[in-house]
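Colleague: My structure is in coords_1.csv, and what it holds is CSV, C-alpha atoms:
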chain,number,residue,atom,x,y,z
E,22,MET,CA,63.4,277.8,-127.5
E,23,THR,CA,65.2,275.1,-129.5
E,24,ARG,CA,69.0,274.8,-129.9
E,25,ARG,CA,68.6,275.8,-133.5
E,26,VAL,CA,67.0,279.1,-132.8
E,27,LEU,CA,69.6,279.7,-130.1
E,28,GLY,CA,72.2,279.0,-132.8
E,29,TRP,CA,70.7,281.7,-135.1
E,30,ASP,CA,70.6,284.1,-132.2
E,31,ARG,CA,74.3,283.6,-131.5
E,32,THR,CA,75.3,283.8,-135.1
E,33,ALA,CA,73.3,287.0,-135.7
E,34,ALA,CA,74.7,288.6,-132.6
E,35,LEU,CA,78.3,287.6,-133.7
E,36,LEU,CA,77.9,289.0,-137.2
E,37,VAL,CA,76.2,292.3,-136.0
E,38,GLY,CA,78.8,292.6,-133.3
E,39,LEU,CA,81.7,292.2,-135.7
E,40,ALA,CA,80.1,294.7,-138.1
E,41,LEU,CA,79.5,297.3,-135.4
E,42,LEU,CA,82.9,296.8,-134.0
E,43,ALA,CA,84.6,297.4,-137.4
E,44,LEU,CA,82.3,300.4,-138.0
E,45,GLY,CA,83.0,301.9,-134.6
E,46,VAL,CA,86.8,301.5,-135.0
E,47,ALA,CA,86.6,303.0,-138.5
E,48,ALA,CA,84.6,306.0,-137.2
E,49,VAL,CA,87.1,306.6,-134.4
E,50,LEU,CA,90.1,306.5,-136.8
E,51,TRP,CA,88.3,308.7,-139.3
E,52,GLY,CA,87.2,311.2,-136.6
E,53,ALA,CA,90.7,311.4,-135.4
E,54,GLY,CA,92.0,311.9,-138.9
E,55,GLN,CA,94.0,308.7,-138.8
E,56,LEU,CA,92.0,306.6,-141.3
E,57,THR,CA,94.2,307.7,-144.2
E,58,ARG,CA,97.1,305.8,-142.7
E,59,LEU,CA,95.2,302.5,-143.3
E,60,TRP,CA,93.2,303.6,-146.3
E,61,PRO,CA,94.9,306.4,-148.3
E,62,GLY,CA,91.7,307.1,-150.3
E,63,ALA,CA,89.5,307.8,-147.2
E,64,PRO,CA,87.2,310.7,-147.8
E,65,GLN,CA,87.7,314.0,-145.9
E,66,GLN,CA,83.9,314.5,-145.9
E,67,LEU,CA,81.1,312.0,-145.8
E,68,SER,CA,78.9,312.0,-148.9
E,69,THR,CA,75.6,310.1,-149.3
E,70,ALA,CA,75.3,311.0,-153.0
E,71,THR,CA,75.9,307.4,-154.0
E,72,ALA,CA,73.1,306.1,-151.8
E,73,THR,CA,70.7,308.9,-153.0
E,74,ASP,CA,71.6,308.0,-156.6
E,75,VAL,CA,70.8,304.3,-156.0
E,76,TYR,CA,67.4,305.3,-154.4
E,77,GLY,CA,66.6,307.1,-157.7
E,78,GLN,CA,67.3,304.2,-160.0
E,79,SER,CA,64.3,302.6,-161.7
E,80,TRP,CA,65.3,299.1,-160.5
E,81,TRP,CA,65.4,300.3,-156.8
E,82,ARG,CA,61.7,300.2,-156.3
E,83,PRO,CA,61.0,296.5,-157.0
E,84,VAL,CA,64.3,295.4,-155.4
E,85,SER,CA,63.5,297.4,-152.2
E,86,THR,CA,60.0,296.0,-152.1
E,87,ALA,CA,61.1,292.4,-152.6
E,88,VAL,CA,64.1,292.6,-150.2
E,89,GLY,CA,62.0,294.4,-147.6
E,90,ALA,CA,59.2,291.9,-147.8
E,91,VAL,CA,61.6,289.0,-147.5
E,92,LEU,CA,63.5,290.6,-144.5
E,93,ALA,CA,60.3,291.5,-142.7
E,94,LEU,CA,58.9,287.9,-143.1
E,95,LEU,CA,62.2,286.4,-142.1
E,96,GLY,CA,62.5,288.6,-139.0
E,97,LEU,CA,58.9,287.8,-138.0
E,98,TRP,CA,59.5,284.1,-138.4
E,99,TRP,CA,62.7,284.3,-136.5
E,100,LEU,CA,60.9,286.2,-133.7
E,101,LEU,CA,58.0,283.8,-133.5
E,102,SER,CA,60.3,280.8,-133.4
E,103,HIS,CA,61.4,282.0,-130.0
E,104,LEU,CA,57.9,281.1,-128.6
E,105,PRO,CA,58.2,278.0,-126.6
E,106,ARG,CA,56.5,274.9,-127.9
E,107,THR,CA,56.4,272.5,-125.1
E,108,ARG,CA,53.2,270.5,-125.5
E,109,VAL,CA,53.7,266.8,-125.9
E,110,GLY,CA,51.0,264.7,-127.4
E,111,PRO,CA,50.1,261.1,-126.5
E,112,LEU,CA,53.2,258.9,-126.3
E,113,ARG,CA,53.2,255.9,-128.7
E,114,LEU,CA,54.1,252.8,-126.8
E,115,PRO,CA,56.4,250.0,-127.9
E,116,GLY,CA,54.4,247.2,-129.6
E,117,SER,CA,52.4,249.6,-131.7
E,118,GLY,CA,52.2,248.4,-135.3
E,119,PRO,CA,50.0,248.0,-138.3
E,120,ALA,CA,47.7,245.8,-136.3
E,121,GLY,CA,47.0,248.4,-133.6
E,122,ARG,CA,48.5,251.3,-131.8
E,123,SER,CA,48.8,251.8,-128.1
E,124,SER,CA,49.5,255.2,-126.8
E,125,LEU,CA,49.5,256.8,-123.4
E,126,ASP,CA,48.8,260.2,-122.0
E,127,GLY,CA,52.3,260.7,-120.6
E,128,GLY,CA,51.3,263.9,-118.8
E,129,ALA,CA,48.8,262.0,-116.6
E,130,ALA,CA,51.5,259.4,-115.8
E,131,VAL,CA,53.9,262.1,-114.8
E,132,ALA,CA,51.2,263.8,-112.7
E,133,VAL,CA,50.6,260.6,-110.8
E,134,ALA,CA,54.4,260.1,-110.3
E,135,ALA,CA,54.5,263.6,-108.8
E,136,GLU,CA,51.6,262.7,-106.5
E,137,LEU,CA,53.7,259.8,-105.2
E,138,LEU,CA,56.6,262.2,-104.7
E,139,GLY,CA,54.3,264.4,-102.6
E,140,GLU,CA,53.7,261.5,-100.2
E,141,VAL,CA,57.4,261.1,-99.4
E,142,PRO,CA,58.2,262.1,-95.8
E,143,GLY,CA,59.5,265.7,-95.7
E,144,VAL,CA,57.9,266.6,-99.0
E,145,ARG,CA,55.1,269.2,-98.8
E,146,SER,CA,53.9,269.4,-102.3
E,147,ALA,CA,54.8,268.2,-105.8
E,148,SER,CA,53.6,268.6,-109.3
E,149,GLY,CA,54.6,267.2,-112.7
E,150,ARG,CA,54.0,267.4,-116.4
E,151,LEU,CA,55.5,266.2,-119.6
E,152,ARG,CA,57.1,268.8,-121.9
E,153,GLU,CA,59.5,269.1,-124.7
E,154,HIS,CA,62.7,270.8,-124.0
E,155,ARG,CA,65.5,271.2,-126.5
E,156,GLY,CA,64.4,268.2,-128.6
E,157,GLN,CA,63.9,265.9,-125.6
E,158,VAL,CA,60.7,264.7,-124.1
E,159,VAL,CA,61.2,265.5,-120.4
E,160,ALA,CA,59.1,264.4,-117.4
E,161,GLU,CA,59.4,267.6,-115.5
E,162,MET,CA,58.5,267.4,-111.8
E,163,SER,CA,58.8,269.9,-109.1
E,164,LEU,CA,58.6,269.3,-105.4
E,165,THR,CA,58.9,271.4,-102.3
E,166,ALA,CA,60.6,269.9,-99.2
E,167,GLY,CA,60.7,271.3,-95.7
E,168,PRO,CA,64.0,273.0,-94.7
E,169,HIS,CA,65.0,270.0,-92.6
E,170,ALA,CA,64.4,267.4,-95.3
E,171,ASP,CA,67.0,264.6,-95.7
E,172,LEU,CA,68.3,265.3,-99.2
E,173,GLY,CA,69.9,261.8,-99.5
E,174,ALA,CA,66.7,260.0,-98.7
E,175,LEU,CA,64.9,262.4,-101.0
E,176,ALA,CA,67.2,261.5,-103.8
E,177,ARG,CA,66.5,257.8,-103.3
E,178,SER,CA,62.8,258.4,-103.2
E,179,VAL,CA,63.0,260.3,-106.5
E,180,GLU,CA,65.0,257.4,-108.0
E,181,ASP,CA,62.3,255.0,-106.9
E,182,VAL,CA,59.4,257.0,-108.3
E,183,SER,CA,61.3,257.7,-111.5
E,184,ALA,CA,61.9,253.9,-111.9
E,185,ASP,CA,58.2,253.3,-111.6
E,186,LEU,CA,57.5,256.0,-114.1
E,187,ALA,CA,60.0,254.6,-116.5
E,188,GLN,CA,58.2,251.3,-116.3
E,189,VAL,CA,54.8,252.9,-116.9
E,190,LEU,CA,56.0,255.0,-119.8
E,191,SER,CA,58.2,252.1,-121.1
E,192,ARG,CA,60.0,254.4,-123.5
E,193,ASP,CA,63.8,254.9,-123.4
E,194,ASP,CA,63.8,258.4,-124.8
E,195,VAL,CA,61.9,260.1,-122.0
E,196,ARG,CA,64.2,262.0,-119.7
E,197,ALA,CA,63.5,263.2,-116.2
E,198,ARG,CA,64.2,266.5,-114.4
E,199,VAL,CA,63.1,267.1,-110.8
E,200,ARG,CA,63.4,270.5,-109.3
E,201,VAL,CA,63.7,270.3,-105.5
E,202,ARG,CA,62.7,273.4,-103.8
E,203,VAL,CA,63.3,274.0,-100.1
E,204,ALA,CA,60.7,275.8,-98.1
E,205,ARG,CA,61.8,278.9,-96.1
E,206,GLN,CA,60.3,277.9,-92.8
E,207,ASP,CA,59.1,274.9,-91.0
E,208,PRO,CA,55.5,275.8,-90.0
E,209,SER,CA,54.8,272.6,-88.1
E,210,THR,CA,57.6,272.9,-85.6
E,211,SER,CA,58.2,276.1,-83.8
E,212,ARG,CA,61.6,276.4,-82.3
E,213,VAL,CA,61.9,277.1,-78.6
E,214,THR,CA,64.9,279.2,-77.8
P,30,MET,CA,57.8,244.0,-111.2
P,31,THR,CA,61.2,242.6,-112.0
P,32,GLY,CA,64.0,243.9,-109.8
P,33,ALA,CA,66.6,244.1,-112.5
P,34,ASP,CA,64.6,246.3,-114.8
P,35,ARG,CA,63.9,249.0,-112.2
P,36,ARG,CA,66.0,251.8,-113.5
P,37,PRO,CA,65.0,255.5,-113.2
P,38,LEU,CA,64.5,257.6,-116.2
P,39,ARG,CA,67.7,259.1,-117.5
P,40,PRO,CA,68.3,262.7,-116.4
P,41,ALA,CA,67.5,265.5,-118.9
P,42,ALA,CA,70.1,268.0,-119.8
P,43,GLN,CA,70.8,270.3,-117.0
P,44,ARG,CA,68.6,273.3,-116.7
P,45,THR,CA,70.5,276.5,-117.6
P,46,GLY,CA,69.6,280.1,-117.5
P,47,ALA,CA,69.1,281.8,-120.8
P,48,GLY,CA,71.7,284.5,-120.2
P,49,PRO,CA,71.5,287.8,-122.1
P,50,ILE,CA,71.2,286.0,-125.5
P,51,GLY,CA,67.7,285.2,-124.4
P,52,TRP,CA,66.6,288.8,-125.1
P,53,VAL,CA,69.3,289.9,-127.5
P,54,GLY,CA,68.2,287.3,-130.0
P,55,PRO,CA,64.5,288.4,-130.1
P,56,LEU,CA,65.7,292.1,-130.2
P,57,LEU,CA,67.8,291.4,-133.3
P,58,ALA,CA,64.8,289.7,-134.8
P,59,VAL,CA,62.6,292.7,-134.2
P,60,LEU,CA,65.3,295.0,-135.7
P,61,LEU,CA,65.5,292.8,-138.8
P,62,THR,CA,61.7,293.0,-139.1
P,63,LEU,CA,61.7,296.8,-138.8
P,64,ALA,CA,64.5,297.1,-141.4
P,65,GLY,CA,62.5,295.0,-143.7
P,66,LEU,CA,59.4,297.1,-143.2
P,67,VAL,CA,61.3,300.3,-143.9
P,68,LEU,CA,62.6,298.9,-147.2
P,69,LEU,CA,59.2,297.6,-148.0
P,70,ARG,CA,57.5,300.9,-147.3
P,71,ASP,CA,60.1,302.8,-149.4
P,72,GLY,CA,59.7,300.4,-152.3
P,73,VAL,CA,55.9,300.5,-152.2
P,74,PHE,CA,55.5,304.3,-151.9
P,75,ALA,CA,58.5,305.3,-154.1
P,76,PRO,CA,57.5,307.4,-157.1
P,77,SER,CA,57.5,305.6,-160.4
P,78,GLY,CA,58.6,307.9,-163.2
P,79,ALA,CA,58.5,311.7,-162.5
P,80,THR,CA,55.3,311.7,-160.3
P,81,GLY,CA,57.2,312.5,-157.1
P,82,TRP,CA,56.4,311.1,-153.7
P,83,PRO,CA,52.7,311.1,-153.0
P,84,GLY,CA,51.2,313.4,-150.3
P,85,GLY,CA,54.5,315.1,-149.4
P,86,GLN,CA,56.0,311.8,-148.2
P,87,GLN,CA,59.7,311.2,-148.3
P,88,SER,CA,61.9,308.2,-148.6
P,89,TRP,CA,62.8,307.1,-145.0
P,90,LEU,CA,66.1,305.7,-146.3
P,91,THR,CA,67.0,309.2,-147.7
P,92,THR,CA,65.9,310.8,-144.4
P,93,ALA,CA,68.1,308.4,-142.5
P,94,THR,CA,71.2,308.8,-144.6
P,95,SER,CA,71.0,312.5,-145.3
P,96,GLY,CA,72.0,313.3,-141.7
P,97,ALA,CA,75.4,312.0,-142.4
P,98,ASP,CA,75.9,313.9,-145.6
P,99,GLY,CA,78.8,316.4,-145.5
P,100,LEU,CA,80.1,315.4,-142.1
P,101,ALA,CA,83.8,316.2,-141.5
P,102,PRO,CA,86.1,314.4,-139.0
P,103,SER,CA,85.4,315.7,-135.5
P,104,ALA,CA,85.5,314.7,-131.8
P,105,GLY,CA,81.8,313.8,-132.1
P,106,ALA,CA,82.6,311.1,-134.7
P,107,VAL,CA,85.2,309.7,-132.3
P,108,VAL,CA,82.7,309.5,-129.4
P,109,ILE,CA,80.0,307.9,-131.6
P,110,GLY,CA,82.7,305.5,-133.0
P,111,VAL,CA,83.7,304.5,-129.4
P,112,VAL,CA,80.0,303.9,-128.5
P,113,VAL,CA,79.3,301.8,-131.6
P,114,ALA,CA,82.5,299.8,-131.1
P,115,LEU,CA,81.6,299.1,-127.5
P,116,VAL,CA,78.0,298.0,-128.5
P,117,GLY,CA,79.6,295.7,-131.1
P,118,LEU,CA,82.1,294.3,-128.5
P,119,SER,CA,79.3,293.6,-126.0
P,120,LEU,CA,77.3,291.8,-128.7
P,121,LEU,CA,80.3,289.6,-129.4
P,122,VAL,CA,80.6,288.8,-125.6
P,123,VAL,CA,76.9,288.0,-125.5
P,124,ALA,CA,77.2,285.8,-128.6
P,125,LEU,CA,80.1,283.8,-127.3
P,126,ARG,CA,79.1,283.5,-123.6
P,127,ARG,CA,78.1,280.2,-122.2
P,128,ARG,CA,74.6,279.9,-120.8
P,129,PRO,CA,74.9,280.2,-117.0
P,130,ARG,CA,74.7,276.9,-115.2
P,131,ARG,CA,72.5,277.1,-112.1
P,132,ALA,CA,71.5,273.6,-111.1
P,133,LEU,CA,73.2,271.6,-108.3
P,134,PRO,CA,72.2,268.0,-109.1
P,135,LEU,CA,71.5,265.4,-106.4
P,136,THR,CA,73.4,262.2,-106.4
P,137,GLY,CA,71.9,259.2,-108.1
P,138,GLY,CA,71.5,260.5,-111.6
P,139,SER,CA,67.7,260.8,-111.3
P,140,GLY,CA,67.7,264.3,-112.7
P,141,ALA,CA,66.8,265.9,-109.3
P,142,TYR,CA,68.5,269.2,-108.7
P,143,LEU,CA,68.4,272.2,-106.4
P,144,LEU,CA,69.1,275.8,-107.1
P,145,ALA,CA,71.6,277.7,-105.0
P,146,SER,CA,68.9,279.6,-103.1
P,147,ASP,CA,67.3,276.3,-102.0
P,148,VAL,CA,70.8,274.9,-101.0
P,149,ALA,CA,71.2,278.1,-98.9
P,150,ARG,CA,67.8,277.4,-97.1
P,151,ARG,CA,68.7,273.8,-96.4
P,152,ALA,CA,72.1,275.0,-95.1
P,153,GLY,CA,70.5,277.6,-92.9
P,154,ALA,CA,68.1,275.1,-91.4
P,155,ALA,CA,71.0,272.7,-90.7
P,156,ALA,CA,72.9,275.5,-88.9
P,157,ARG,CA,70.0,276.5,-86.8
P,158,ASP,CA,69.7,272.9,-85.5
P,159,VAL,CA,73.1,273.0,-84.0
P,160,ASP,CA,73.3,273.5,-80.2
P,161,GLY,CA,74.6,276.9,-79.3
P,162,VAL,CA,73.3,278.6,-82.4
P,163,LEU,CA,70.6,281.2,-81.8
P,164,ASP,CA,70.0,282.1,-85.4
P,165,ALA,CA,71.6,281.5,-88.7
P,166,SER,CA,71.3,282.5,-92.3
P,167,ALA,CA,73.1,281.3,-95.4
P,168,ALA,CA,73.9,282.4,-98.9
P,169,ALA,CA,75.0,280.1,-101.6
P,170,THR,CA,76.5,280.0,-105.0
P,171,ARG,CA,77.1,276.8,-107.0
P,172,SER,CA,80.5,276.4,-105.4
P,173,ARG,CA,80.3,277.9,-102.0
P,174,VAL,CA,77.9,278.2,-99.1
P,175,THR,CA,78.4,280.9,-96.6
P,176,VAL,CA,76.6,280.5,-93.3
P,177,SER,CA,76.4,283.4,-90.8
P,178,ALA,CA,75.4,282.2,-87.4
P,179,ARG,CA,74.7,284.0,-84.1
P,180,THR,CA,75.9,281.9,-81.3
P,181,THR,CA,75.7,281.9,-77.5
P,182,GLY,CA,79.5,281.7,-77.1
P,183,ASP,CA,82.5,279.4,-77.7
P,184,GLY,CA,82.9,280.6,-81.3
P,185,ALA,CA,85.4,278.0,-82.6
P,186,GLY,CA,83.6,274.9,-81.2
P,187,VAL,CA,80.2,276.0,-82.5
P,188,ARG,CA,81.8,277.0,-85.8
P,189,ASP,CA,83.1,273.5,-86.3
P,190,ALA,CA,79.8,271.9,-85.3
P,191,VAL,CA,77.9,274.1,-87.8
P,192,THR,CA,80.4,273.4,-90.5
P,193,SER,CA,80.0,269.6,-90.2
P,194,ALA,CA,76.3,269.8,-89.8
P,195,VAL,CA,76.0,271.8,-93.0
P,196,ARG,CA,78.4,269.5,-94.8
P,197,ASP,CA,76.3,266.5,-93.7
P,198,ALA,CA,73.0,268.1,-94.8
P,199,LEU,CA,74.5,268.9,-98.3
P,200,ALA,CA,76.4,265.6,-98.7
P,201,ALA,CA,73.7,264.3,-101.1
P,202,LEU,CA,74.6,266.9,-103.7
P,203,GLU,CA,76.7,265.5,-106.5
P,204,ARG,CA,79.3,268.3,-106.0
P,205,PRO,CA,78.8,269.7,-102.5
P,206,PRO,CA,79.8,273.3,-102.3
P,207,ALA,CA,82.5,274.4,-100.0
P,208,VAL,CA,81.2,275.5,-96.6
P,209,ARG,CA,82.3,278.7,-94.9
P,210,VAL,CA,80.9,279.6,-91.5
P,211,ARG,CA,81.0,283.0,-89.8
P,212,THR,CA,80.0,283.2,-86.2
P,213,THR,CA,79.1,286.2,-84.1
P,214,SER,CA,78.8,285.6,-80.4
P,215,THR,CA,76.1,287.4,-78.5
P,216,SER,CA,78.2,287.5,-75.4
P,217,ASP,CA,80.8,289.5,-77.3
P,218,ALA,CA,78.2,292.0,-78.3
P,219,THR,CA,77.1,292.5,-74.7
P,220,ASP,CA,80.7,292.8,-73.6
P,221,GLY,CA,81.0,296.3,-74.9
P,222,ARG,CA,81.1,296.5,-78.7
P,223,GLY,CA,78.0,296.5,-80.8
P,224,ASP,CA,74.5,297.2,-79.5
P,225,PRO,CA,73.7,295.7,-76.1
P,226,THR,CA,70.2,294.4,-77.0
Hey, can you dump this file as structure tokens for me?
Modeller:
Amino acid sequence: MTRRVLGWDRTAALLVGLALLALGVAAVLWGAGQLTRLWPGAPQQLSTATATDVYGQSWWRPVSTAVGAVLALLGLWWLLSHLPRTRVGPLRLPGSGPAGRSSLDGGAAVAVAAELLGEVPGVRSASGRLREHRGQVVAEMSLTAGPHADLGALARSVEDVSADLAQVLSRDDVRARVRVRVARQDPSTSRVT
Amino acid sequence: MTGADRRPLRPAAQRTGAGPIGWVGPLLAVLLTLAGLVLLRDGVFAPSGATGWPGGQQSWLTTATSGADGLAPSAGAVVIGVVVALVGLSLLVVALRRRPRRALPLTGGSGAYLLASDVARRAGAAARDVDGVLDASAAATRSRVTVSARTTGDGAGVRDAVTSAVRDALAALERPPAVRVRTTSTSDATDGRGDPT
């Protein structure tokens, strides 16, 4: 989900929320017979005659069809834009020009970096891939460390591997994110109590 | 490899949870689509001229609004109004709420982070390594780790040892959470209160 779609979500929730709040407060006041204090012309009885009249007008049919079609398509498009698009194609490397392009499968580079992370002492497994997240190309890695892992040493190892990866990718705009999981138990060492 | 150029990739924006807007947004999109379909259906099937609705059909819009026709002020209207206002208010809260932050970054700015549950596991393991601790478990939020340890005795001394061990283990976090340790001593339990096992 991009920031833009999230912005639409928030705006829509804000507008609908305000409308419902106003409607609800009006209904409470009207139900308690207090609405005439704010609005002297408030009706004593609800009437939907105006709406029914509008539905009977000759222009209503094309307008309803057109507005309905637009709203339905808009809603569908809005809904579908929530689907995550995280695939990242080959990365274009610096030095590419009219004479030739060099590009790199960034995902493979990140996977290799993750393999290196997997060999760090205390790390049991690691994986990595390149994905797009909120407009940034992110080298996303995940590793599982034993419950006794030295987090400081781990942070330094991640920096090392990340520096190598930065050199391989040689692009400034790629960011990194490394999820460090901690395993529940240490299977190799059983504690004697 | 030149030494000066070895810099890690810059960290990506912190991972956040979606919060309720993550499903409220798609829900509103579905509702908008449904409203559009109702209008479209009424427009397409509406009678042109005096032919009447085909096949005994009716306008869905008329059906929806006719229920409110002729309503007079009542207690029911107040109740419905309260419910509608509360739904509106909760939508406002959802719209304006920040996405929950969940990550606890490691030092070094490499983009490495732990979630609170993993911090709790690391803290629990650190506590179990302390002499005098029989068993320990931990719960964590982004700002606080609470360790519950079962000890062999000497509550205060072991508590201090556990506190410093957990602090050391979590020192590599950029903002280490506060550490609280609760100890229960097994010798207390056998001395009369609690179960004697």
Colleague: For chain P, list the residues within 6 Å of chain E, counting all atoms listed in the file, and write the list as a ChimeraX atom specification.
Modeller: /P:35-41,54-55,58,61-62,65-66,68-69,72,98-103,106-107,110-111,113-114,117,120-121,124,139-143,147,151,154,201
Colleague: Near Ser172 (chain P), counting only C-alpha atoms, which residues have an atom at most 8 Å away, once you skip same-chain residues fewer than 5 positions from it, shown as a list in words?
Modeller: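 With the cut-off at 8 Å, the set is Pro205, Pro206 and Ala207 of chain P.
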Colleague: How far is it from CA of Leu133 (chain P) to CA of Ala167 (chain P), in Å with one decimal?
Modeller: 16.1 Å
Colleague: Could you tell me how far CA of Val133 (chain E) sits from CA of Leu135 (chain P), in Å to one decimal place?
Modeller: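 A separation of 21.9 Å between them.
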Colleague: Give me, please, the distance in Å between CA of Pro105 (chain E) and CA of Gly156 (chain E), quoted to one decimal.
Modeller: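 It comes out at 11.8 Å.
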